[in-house]
Amino acid sequence: MTTIQVFLSIFSGTIVGFVLGLLGGGGSILAVPLLLYVVGMKDPHVVIGTTASAVAINAYVNLIPHSRAGNVQWKAAIVFAIPGALSAYTGSMIGKLVPGKQLLFLFAILMIVMAVKMVTPKKEESSQADNLKNQIKMPQLIIMAILVGLLSGFFGIGGGFLIVPGLIFAARMPMIAAIGSSLVSVGTFGLTTAVSYSLSGLINWWVMLAFVGGGIGGGMVGALLAARLSKQRRTLHYIFSGVVMFVAIYMLIINAEALDL
């Protein structure tokens, strides 16, 4: 690594940490292009392994201020994390063997649909909020965890952009609680994927350390901003949806060649 690459790794980690702290997800999707095109790493598989390990550490660090602020609903978070971690390991084993450009392109379309759904007003939301607040649909939560875990491991992402809406719809959490709780799974999925890639020698530990260093600072700022925005629930929805939409469009562009577009 050159000195410039070290600073670029720290800079990239700061951006990813900020996104994780603020939104509880999306960081690993940003991390892959940052390490490829900003830091200048060449091997996509090493990039995936490195980002998975870095995002896992950043997520666990950013979980601390969210936990102290009471934004983590531990029961739903753990129920989501355990089956998801098992399927994430399976997904990571497949991901190391199968080229994923076509799937990434289709997955980006799914992200766009989800981003739109997140900001679409829901009928009778206010009248049902009190009745649904403390209800957890356990079967839906576990099924969602398995599916998200597979995608997380296969693509080497934390999966927070899917975990947050999954917790909202299956565990009936408010947005800020879903963000804080999602970090449990983001960290666990990333750790599981990182172990898989580490066993194959596909992690650059120096880049990971620089990335994590920047991510800790960025994550603290993001978590503080998330707490302030918790009183503006609609604004947080739009920010989250905007990040998902931006990343999805970027993924569509760079993977369009997979479908000869």
# chains A, B, ... in the order shown; residues from 1 in each chain; ligands from 1

$ residues_around --residues "segment 139-143 of chain A" --least-positions-apart "4" --cutoff "8 Å" --atoms "only C-alpha atoms" --output "ChimeraX atom specification"
/A:76,79-80,83-84,147,166-167,170-171

$ write_last_selection --atoms "N, CA, C and O atoms" --output "compact mmCIF listing (two decimals), in the first residue's frame"
# COMPACT_ATOMS: atom_id res chain seq x y z
N ALA A 76 -35.80 -9.09 18.66
CA ALA A 76 -35.99 -9.19 17.20
C ALA A 76 -34.65 -9.16 16.48
O ALA A 76 -34.45 -9.86 15.49
N VAL A 79 -33.01 -12.65 16.86
CA VAL A 79 -33.77 -13.64 16.08
C VAL A 79 -33.45 -13.48 14.59
O VAL A 79 -33.36 -14.47 13.85
N PHE A 80 -33.28 -12.25 14.15
CA PHE A 80 -32.95 -11.99 12.75
C PHE A 80 -31.50 -12.39 12.44
O PHE A 80 -31.21 -12.96 11.39
N PRO A 83 -30.33 -16.96 12.22
CA PRO A 83 -30.55 -17.72 10.97
C PRO A 83 -29.95 -17.01 9.76
O PRO A 83 -29.50 -17.66 8.82
N GLY A 84 -29.92 -15.68 9.81
CA GLY A 84 -29.34 -14.93 8.70
C GLY A 84 -27.85 -15.17 8.56
O GLY A 84 -27.32 -15.25 7.45
N LEU A 147 -33.36 -15.12 3.76
CA LEU A 147 -33.22 -14.58 2.41
C LEU A 147 -32.18 -13.46 2.36
O LEU A 147 -31.32 -13.43 1.47
N GLY A 166 -37.08 -4.93 6.52
CA GLY A 166 -37.53 -6.22 7.01
C GLY A 166 -37.95 -6.16 8.46
O GLY A 166 -38.97 -6.73 8.86
N LEU A 167 -37.18 -5.45 9.28
CA LEU A 167 -37.53 -5.28 10.70
C LEU A 167 -38.76 -4.41 10.87
O LEU A 167 -39.57 -4.63 11.78
N ALA A 170 -41.78 -6.83 9.59
CA ALA A 170 -41.99 -8.08 10.31
C ALA A 170 -42.03 -7.90 11.81
O ALA A 170 -42.73 -8.64 12.50
N ALA A 171 -41.26 -6.92 12.33
CA ALA A 171 -41.23 -6.70 13.78
C ALA A 171 -41.98 -5.45 14.20
O ALA A 171 -42.04 -5.13 15.38

$ residues_around --residues "Leu150 of chain A" --least-positions-apart "6" --cutoff "9 Å" --atoms "only C-alpha atoms" --output "list of chain:residue names"
A:Gly84, A:Ala85, A:Leu86, A:Ser87, A:Ala88, A:Tyr89, A:Thr90, A:Gly91, A:Ser92

$ atom_distance --atom1 "atom CA of Gly190 of chain A" --atom2 "atom CA of Ile203 of chain A"
12.6 Å

$ residues_around --residues "Ala77 of chain A" --least-positions-apart "4" --cutoff "12 Å" --atoms "only C-alpha atoms" --output "JSON, numbers by chain"
{"A": [63, 67, 71, 72, 73, 81, 82, 83, 84, 85, 136, 138, 141, 142, 145, 160, 163, 164, 166, 167, 168, 170, 171, 173, 177, 178, 179, 180, 181, 182, 183, 184, 185, 186, 187, 188]}

$ write_last_selection --atoms "N, CA, C and O atoms" --output "compact mmCIF listing (two decimals), in the first residue's frame"
# COMPACT_ATOMS: atom_id res chain seq x y z
N LEU A 63 -23.01 0.16 16.77
CA LEU A 63 -24.12 -0.39 17.55
C LEU A 63 -24.11 0.16 18.98
O LEU A 63 -25.17 0.30 19.61
N SER A 67 -27.31 1.48 21.00
CA SER A 67 -27.78 0.70 22.14
C SER A 67 -27.96 1.60 23.37
O SER A 67 -28.95 1.50 24.10
N ASN A 71 -32.08 2.44 21.05
CA ASN A 71 -32.61 2.24 19.70
C ASN A 71 -32.53 0.80 19.22
O ASN A 71 -32.78 0.53 18.05
N VAL A 72 -32.15 -0.13 20.11
CA VAL A 72 -32.00 -1.53 19.71
C VAL A 72 -33.04 -2.40 20.43
O VAL A 72 -33.10 -2.41 21.65
N GLN A 73 -33.85 -3.10 19.65
CA GLN A 73 -34.79 -4.08 20.20
C GLN A 73 -34.12 -5.44 20.07
O GLN A 73 -34.15 -6.08 19.01
N ALA A 81 -30.59 -12.13 13.36
CA ALA A 81 -29.16 -12.30 13.09
C ALA A 81 -28.74 -13.77 13.01
O ALA A 81 -27.91 -14.13 12.16
N ILE A 82 -29.28 -14.65 13.87
CA ILE A 82 -28.78 -16.02 13.94
C ILE A 82 -29.06 -16.83 12.66
O ILE A 82 -28.13 -17.35 12.03
N PRO A 83 -30.33 -16.96 12.22
CA PRO A 83 -30.55 -17.72 10.97
C PRO A 83 -29.95 -17.01 9.76
O PRO A 83 -29.50 -17.66 8.82
N GLY A 84 -29.92 -15.68 9.81
CA GLY A 84 -29.34 -14.93 8.70
C GLY A 84 -27.85 -15.17 8.56
O GLY A 84 -27.32 -15.25 7.45
N ALA A 85 -27.15 -15.31 9.69
CA ALA A 85 -25.71 -15.57 9.65
C ALA A 85 -25.41 -16.92 9.04
O ALA A 85 -24.44 -17.07 8.26
N ILE A 136 -44.51 -9.02 16.90
CA ILE A 136 -43.43 -9.52 16.05
C ILE A 136 -43.95 -10.75 15.31
O ILE A 136 -44.40 -11.71 15.93
N MET A 138 -42.92 -13.71 13.93
CA MET A 138 -41.71 -14.51 14.01
C MET A 138 -41.41 -15.29 12.73
O MET A 138 -40.27 -15.28 12.25
N LEU A 141 -40.13 -12.96 10.16
CA LEU A 141 -38.82 -12.43 10.54
C LEU A 141 -37.71 -13.43 10.20
O LEU A 141 -36.67 -13.06 9.66
N ILE A 142 -37.94 -14.71 10.48
CA ILE A 142 -36.93 -15.73 10.22
C ILE A 142 -36.75 -15.95 8.72
O ILE A 142 -35.61 -16.07 8.23
N ALA A 145 -34.84 -13.13 7.35
CA ALA A 145 -33.44 -13.22 7.76
C ALA A 145 -32.67 -14.19 6.88
O ALA A 145 -31.52 -13.91 6.48
N GLY A 160 -27.94 -4.11 5.29
CA GLY A 160 -28.76 -3.23 6.12
C GLY A 160 -29.92 -2.60 5.38
O GLY A 160 -30.98 -2.37 5.96
N ILE A 163 -32.38 -5.24 5.68
CA ILE A 163 -32.69 -5.58 7.07
C ILE A 163 -33.62 -4.54 7.70
O ILE A 163 -34.57 -4.89 8.40
N VAL A 164 -33.35 -3.26 7.44
CA VAL A 164 -34.16 -2.19 8.04
C VAL A 164 -35.63 -2.32 7.65
O VAL A 164 -36.50 -2.39 8.53
N GLY A 166 -37.08 -4.93 6.52
CA GLY A 166 -37.53 -6.22 7.01
C GLY A 166 -37.95 -6.16 8.46
O GLY A 166 -38.97 -6.73 8.86
N LEU A 167 -37.18 -5.45 9.28
CA LEU A 167 -37.53 -5.28 10.70
C LEU A 167 -38.76 -4.41 10.87
O LEU A 167 -39.57 -4.63 11.78
N ILE A 168 -38.90 -3.41 10.02
CA ILE A 168 -40.07 -2.53 10.10
C ILE A 168 -41.35 -3.31 9.82
O ILE A 168 -42.34 -3.21 10.55
N ALA A 170 -41.78 -6.83 9.59
CA ALA A 170 -41.99 -8.08 10.31
C ALA A 170 -42.03 -7.90 11.81
O ALA A 170 -42.73 -8.64 12.50
N ALA A 171 -41.26 -6.92 12.33
CA ALA A 171 -41.23 -6.70 13.78
C ALA A 171 -41.98 -5.45 14.20
O ALA A 171 -42.04 -5.13 15.38
N MET A 173 -41.28 -2.25 13.94
CA MET A 173 -40.45 -1.28 14.64
C MET A 173 -40.60 0.10 14.03
O MET A 173 -40.84 0.24 12.84
N ALA A 177 -35.59 2.55 15.56
CA ALA A 177 -35.31 1.28 16.23
C ALA A 177 -34.83 0.23 15.22
O ALA A 177 -33.96 -0.58 15.52
N ALA A 178 -35.42 0.26 14.03
CA ALA A 178 -35.00 -0.68 12.98
C ALA A 178 -33.56 -0.41 12.56
O ALA A 178 -32.80 -1.33 12.30
N ILE A 179 -33.19 0.87 12.49
CA ILE A 179 -31.82 1.23 12.13
C ILE A 179 -30.83 0.71 13.17
O ILE A 179 -29.83 0.08 12.85
N GLY A 180 -31.11 0.98 14.45
CA GLY A 180 -30.23 0.52 15.51
C GLY A 180 -30.17 -0.99 15.59
O GLY A 180 -29.08 -1.59 15.71
N SER A 181 -31.32 -1.66 15.48
CA SER A 181 -31.38 -3.11 15.59
C SER A 181 -30.72 -3.79 14.40
O SER A 181 -30.15 -4.88 14.53
N SER A 182 -30.78 -3.17 13.23
CA SER A 182 -30.22 -3.77 12.02
C SER A 182 -28.71 -3.94 12.13
O SER A 182 -28.12 -4.82 11.50
N LEU A 183 -28.06 -3.09 12.93
CA LEU A 183 -26.60 -3.15 13.04
C LEU A 183 -26.13 -4.48 13.65
O LEU A 183 -25.01 -4.92 13.39
N VAL A 184 -26.99 -5.13 14.45
CA VAL A 184 -26.64 -6.45 14.98
C VAL A 184 -26.45 -7.43 13.84
O VAL A 184 -25.47 -8.18 13.78
N SER A 185 -27.39 -7.42 12.88
CA SER A 185 -27.31 -8.33 11.74
C SER A 185 -26.26 -7.90 10.74
O SER A 185 -25.56 -8.74 10.16
N VAL A 186 -26.14 -6.59 10.51
CA VAL A 186 -25.11 -6.10 9.59
C VAL A 186 -23.73 -6.59 10.03
O VAL A 186 -22.93 -7.09 9.23
N GLY A 187 -23.44 -6.46 11.32
CA GLY A 187 -22.17 -6.90 11.85
C GLY A 187 -22.01 -8.41 11.79
O GLY A 187 -20.95 -8.92 11.40
N THR A 188 -23.06 -9.13 12.14
CA THR A 188 -22.99 -10.59 12.17
C THR A 188 -22.86 -11.17 10.76
O THR A 188 -22.06 -12.09 10.53

$ closest_residue --among "A:Pro33, A:Gly215, A:Gly95, A:Gly156" --to "Tyr60 of chain A" --atoms "only C-alpha atoms"
A:Gly215

$ closest_residue --among "A:Met208, A:Ile253, A:Met175, A:Val195" --to "Ala31 of chain A" --atoms "only C-alpha atoms"
A:Met208

$ closest_residue --among "A:Ile48, A:Val19, A:Val243, A:Leu34" --to "Gly201 of chain A" --atoms "only C-alpha atoms"
A:Ile48

$ closest_atom_pairs --of "segment 162-232 of chain A" --to "segment 40-47 of chain A" --cutoff "12 Å" --atoms "only C-alpha atoms" --output "CSV"
residue,atom,partner,partner_atom,distance
A:Thr193,CA,A:His45,CA,11.5
A:Ala194,CA,A:Val46,CA,10.3
A:Ser196,CA,A:His45,CA,11.5
A:Tyr197,CA,A:Val46,CA,8.0
A:Ser198,CA,A:Val46,CA,9.3
A:Leu199,CA,A:Val46,CA,11.9
A:Ser200,CA,A:Val46,CA,9.7
A:Gly201,CA,A:Val46,CA,8.2
A:Leu202,CA,A:Val46,CA,4.5
A:Ile203,CA,A:Val46,CA,5.2
A:Asn204,CA,A:Val46,CA,6.7
A:Trp205,CA,A:Val46,CA,10.1
A:Val207,CA,A:Met41,CA,9.4
A:Met208,CA,A:Val47,CA,9.6
A:Phe211,CA,A:Val47,CA,11.7

$ write_last_selection --atoms "N, CA, C and O atoms" --output "mmCIF file, in the first residue's frame"
data_model
loop_
_atom_site.group_PDB
_atom_site.id
_atom_site.type_symbol
_atom_site.label_atom_id
_atom_site.label_comp_id
_atom_site.auth_asym_id
_atom_site.auth_seq_id
_atom_site.Cartn_x
_atom_site.Cartn_y
_atom_site.Cartn_z
ATOM 1 N N THR A 193 -19.360 -13.601 6.574
ATOM 2 C CA THR A 193 -18.789 -13.542 5.225
ATOM 3 C C THR A 193 -17.275 -13.368 5.283
ATOM 4 O O THR A 193 -16.527 -13.978 4.512
ATOM 5 N N ALA A 194 -16.813 -12.532 6.213
ATOM 6 C CA ALA A 194 -15.377 -12.283 6.348
ATOM 7 C C ALA A 194 -14.625 -13.559 6.728
ATOM 8 O O ALA A 194 -13.521 -13.816 6.226
ATOM 9 N N SER A 196 -15.472 -16.594 5.961
ATOM 10 C CA SER A 196 -15.432 -17.424 4.758
ATOM 11 C C SER A 196 -14.338 -16.967 3.799
ATOM 12 O O SER A 196 -13.554 -17.779 3.293
ATOM 13 N N TYR A 197 -14.254 -15.663 3.571
ATOM 14 C CA TYR A 197 -13.249 -15.136 2.636
ATOM 15 C C TYR A 197 -11.841 -15.207 3.230
ATOM 16 O O TYR A 197 -10.866 -15.407 2.510
ATOM 17 N N SER A 198 -11.742 -15.052 4.537
ATOM 18 C CA SER A 198 -10.442 -15.142 5.190
ATOM 19 C C SER A 198 -9.846 -16.534 5.053
ATOM 20 O O SER A 198 -8.630 -16.698 4.832
ATOM 21 N N LEU A 199 -10.668 -17.555 5.156
ATOM 22 C CA LEU A 199 -10.205 -18.931 5.002
ATOM 23 C C LEU A 199 -9.682 -19.190 3.594
ATOM 24 O O LEU A 199 -8.892 -20.114 3.381
ATOM 25 N N SER A 200 -10.125 -18.356 2.634
ATOM 26 C CA SER A 200 -9.646 -18.474 1.253
ATOM 27 C C SER A 200 -8.529 -17.483 0.952
ATOM 28 O O SER A 200 -8.093 -17.364 -0.196
ATOM 29 N N GLY A 201 -8.069 -16.743 1.975
ATOM 30 C CA GLY A 201 -6.982 -15.782 1.790
ATOM 31 C C GLY A 201 -7.378 -14.568 0.974
ATOM 32 O O GLY A 201 -6.539 -13.976 0.283
ATOM 33 N N LEU A 202 -8.641 -14.156 1.065
ATOM 34 C CA LEU A 202 -9.153 -13.080 0.218
ATOM 35 C C LEU A 202 -9.472 -11.818 1.019
ATOM 36 O O LEU A 202 -10.507 -11.178 0.816
ATOM 37 N N ILE A 203 -8.594 -11.439 1.957
ATOM 38 C CA ILE A 203 -8.754 -10.211 2.725
ATOM 39 C C ILE A 203 -7.429 -9.464 2.772
ATOM 40 O O ILE A 203 -6.380 -10.059 3.044
ATOM 41 N N ASN A 204 -7.457 -8.156 2.496
ATOM 42 C CA ASN A 204 -6.284 -7.292 2.665
ATOM 43 C C ASN A 204 -6.406 -6.642 4.045
ATOM 44 O O ASN A 204 -7.174 -5.696 4.233
ATOM 45 N N TRP A 205 -5.641 -7.139 5.006
ATOM 46 C CA TRP A 205 -5.810 -6.720 6.396
ATOM 47 C C TRP A 205 -5.380 -5.273 6.627
ATOM 48 O O TRP A 205 -5.951 -4.579 7.472
ATOM 49 N N VAL A 207 -5.604 -2.682 4.468
ATOM 50 C CA VAL A 207 -6.692 -1.834 3.998
ATOM 51 C C VAL A 207 -7.852 -1.888 4.983
ATOM 52 O O VAL A 207 -8.481 -0.872 5.295
ATOM 53 N N MET A 208 -8.129 -3.083 5.489
ATOM 54 C CA MET A 208 -9.227 -3.241 6.440
ATOM 55 C C MET A 208 -9.019 -2.386 7.680
ATOM 56 O O MET A 208 -9.939 -1.710 8.154
ATOM 57 N N PHE A 211 -9.463 1.265 6.866
ATOM 58 C CA PHE A 211 -10.884 1.460 6.585
ATOM 59 C C PHE A 211 -11.684 1.562 7.885
ATOM 60 O O PHE A 211 -12.543 2.438 8.045
#

$ atom_distance --atom1 "atom CA of Ala256 of chain A" --atom2 "atom CA of Ala115 of chain A"
19.9 Å

$ atom_distance --atom1 "atom CA of Lys117 of chain A" --atom2 "atom CA of Leu151 of chain A"
19.6 Å

$ decode --residues "segment 1-107 of chain A" --atoms "C-alpha atoms" --output "CSV table (one decimal), in the first residue's frame"
chain,number,residue,atom,x,y,z
A,1,MET,CA,0.0,0.0,0.0
A,2,THR,CA,1.2,3.5,-0.8
A,3,THR,CA,0.7,6.4,1.6
A,4,ILE,CA,-2.0,7.8,-0.7
A,5,GLN,CA,-3.9,4.5,-0.6
A,6,VAL,CA,-3.7,4.5,3.2
A,7,PHE,CA,-5.4,8.0,3.3
A,8,LEU,CA,-7.9,7.0,0.7
A,9,SER,CA,-8.7,3.9,2.7
A,10,ILE,CA,-9.3,6.0,5.8
A,11,PHE,CA,-11.4,8.5,3.7
A,12,SER,CA,-13.5,5.7,2.2
A,13,GLY,CA,-14.0,4.1,5.7
A,14,THR,CA,-15.2,7.5,7.0
A,15,ILE,CA,-17.9,7.6,4.3
A,16,VAL,CA,-19.0,4.0,5.0
A,17,GLY,CA,-19.0,4.5,8.7
A,18,PHE,CA,-21.1,7.6,8.4
A,19,VAL,CA,-23.7,5.8,6.3
A,20,LEU,CA,-23.8,2.9,8.7
A,21,GLY,CA,-24.2,5.1,11.7
A,22,LEU,CA,-26.9,7.2,10.1
A,23,LEU,CA,-28.9,4.6,8.1
A,24,GLY,CA,-27.9,1.3,9.6
A,25,GLY,CA,-27.0,-0.1,6.2
A,26,GLY,CA,-25.8,0.6,2.7
A,27,GLY,CA,-22.3,1.0,3.8
A,28,SER,CA,-20.9,-2.2,2.3
A,29,ILE,CA,-22.4,-1.4,-1.1
A,30,LEU,CA,-20.6,1.9,-1.0
A,31,ALA,CA,-17.4,0.2,0.2
A,32,VAL,CA,-17.0,-2.0,-2.8
A,33,PRO,CA,-16.8,0.7,-5.4
A,34,LEU,CA,-14.8,3.0,-3.1
A,35,LEU,CA,-12.1,0.3,-2.6
A,36,LEU,CA,-12.1,-0.6,-6.3
A,37,TYR,CA,-12.2,2.9,-7.9
A,38,VAL,CA,-10.9,5.2,-5.1
A,39,VAL,CA,-8.3,3.1,-3.2
A,40,GLY,CA,-7.4,1.2,-6.4
A,41,MET,CA,-7.7,-2.4,-5.3
A,42,LYS,CA,-7.8,-4.8,-8.3
A,43,ASP,CA,-9.2,-8.1,-7.2
A,44,PRO,CA,-13.0,-7.9,-6.7
A,45,HIS,CA,-13.0,-11.0,-4.4
A,46,VAL,CA,-10.4,-9.4,-2.2
A,47,VAL,CA,-12.4,-6.2,-2.1
A,48,ILE,CA,-15.5,-8.2,-1.0
A,49,GLY,CA,-13.7,-10.0,1.7
A,50,THR,CA,-12.0,-6.8,2.9
A,51,THR,CA,-15.2,-4.8,3.0
A,52,ALA,CA,-17.1,-7.5,4.7
A,53,SER,CA,-14.6,-7.6,7.6
A,54,ALA,CA,-14.4,-3.8,7.8
A,55,VAL,CA,-18.2,-3.3,7.7
A,56,ALA,CA,-18.7,-5.9,10.4
A,57,ILE,CA,-16.3,-4.1,12.8
A,58,ASN,CA,-17.8,-0.7,12.0
A,59,ALA,CA,-21.3,-2.0,12.5
A,60,TYR,CA,-20.5,-3.4,15.9
A,61,VAL,CA,-18.8,-0.2,16.9
A,62,ASN,CA,-21.7,1.9,15.7
A,63,LEU,CA,-24.1,-0.4,17.6
A,64,ILE,CA,-22.8,0.9,20.9
A,65,PRO,CA,-24.2,4.5,20.7
A,66,HIS,CA,-27.5,3.2,19.3
A,67,SER,CA,-27.8,0.7,22.1
A,68,ARG,CA,-27.1,3.4,24.7
A,69,ALA,CA,-29.8,5.6,23.1
A,70,GLY,CA,-32.3,2.7,23.5
A,71,ASN,CA,-32.6,2.2,19.7
A,72,VAL,CA,-32.0,-1.5,19.7
A,73,GLN,CA,-34.8,-4.1,20.2
A,74,TRP,CA,-32.6,-7.0,21.1
A,75,LYS,CA,-35.1,-9.9,20.8
A,76,ALA,CA,-36.0,-9.2,17.2
A,77,ALA,CA,-32.4,-8.2,16.4
A,78,ILE,CA,-31.0,-11.6,17.6
A,79,VAL,CA,-33.8,-13.6,16.1
A,80,PHE,CA,-33.0,-12.0,12.7
A,81,ALA,CA,-29.2,-12.3,13.1
A,82,ILE,CA,-28.8,-16.0,13.9
A,83,PRO,CA,-30.5,-17.7,11.0
A,84,GLY,CA,-29.3,-14.9,8.7
A,85,ALA,CA,-25.7,-15.6,9.7
A,86,LEU,CA,-26.0,-19.3,8.8
A,87,SER,CA,-27.5,-18.5,5.4
A,88,ALA,CA,-24.9,-15.7,4.9
A,89,TYR,CA,-22.1,-18.3,5.1
A,90,THR,CA,-23.8,-20.4,2.5
A,91,GLY,CA,-24.2,-17.4,0.3
A,92,SER,CA,-20.6,-16.5,0.6
A,93,MET,CA,-19.4,-19.9,-0.5
A,94,ILE,CA,-21.6,-19.7,-3.6
A,95,GLY,CA,-20.5,-16.1,-4.2
A,96,LYS,CA,-16.8,-17.1,-4.4
A,97,LEU,CA,-17.7,-19.6,-7.2
A,98,VAL,CA,-20.4,-17.8,-9.3
A,99,PRO,CA,-20.0,-14.6,-11.3
A,100,GLY,CA,-22.6,-12.2,-10.1
A,101,LYS,CA,-23.0,-9.3,-12.6
A,102,GLN,CA,-26.4,-10.5,-13.9
A,103,LEU,CA,-27.7,-11.0,-10.4
A,104,LEU,CA,-26.4,-7.6,-9.3
A,105,PHE,CA,-28.2,-6.0,-12.2
A,106,LEU,CA,-31.5,-7.6,-11.2
A,107,PHE,CA,-30.9,-7.0,-7.6
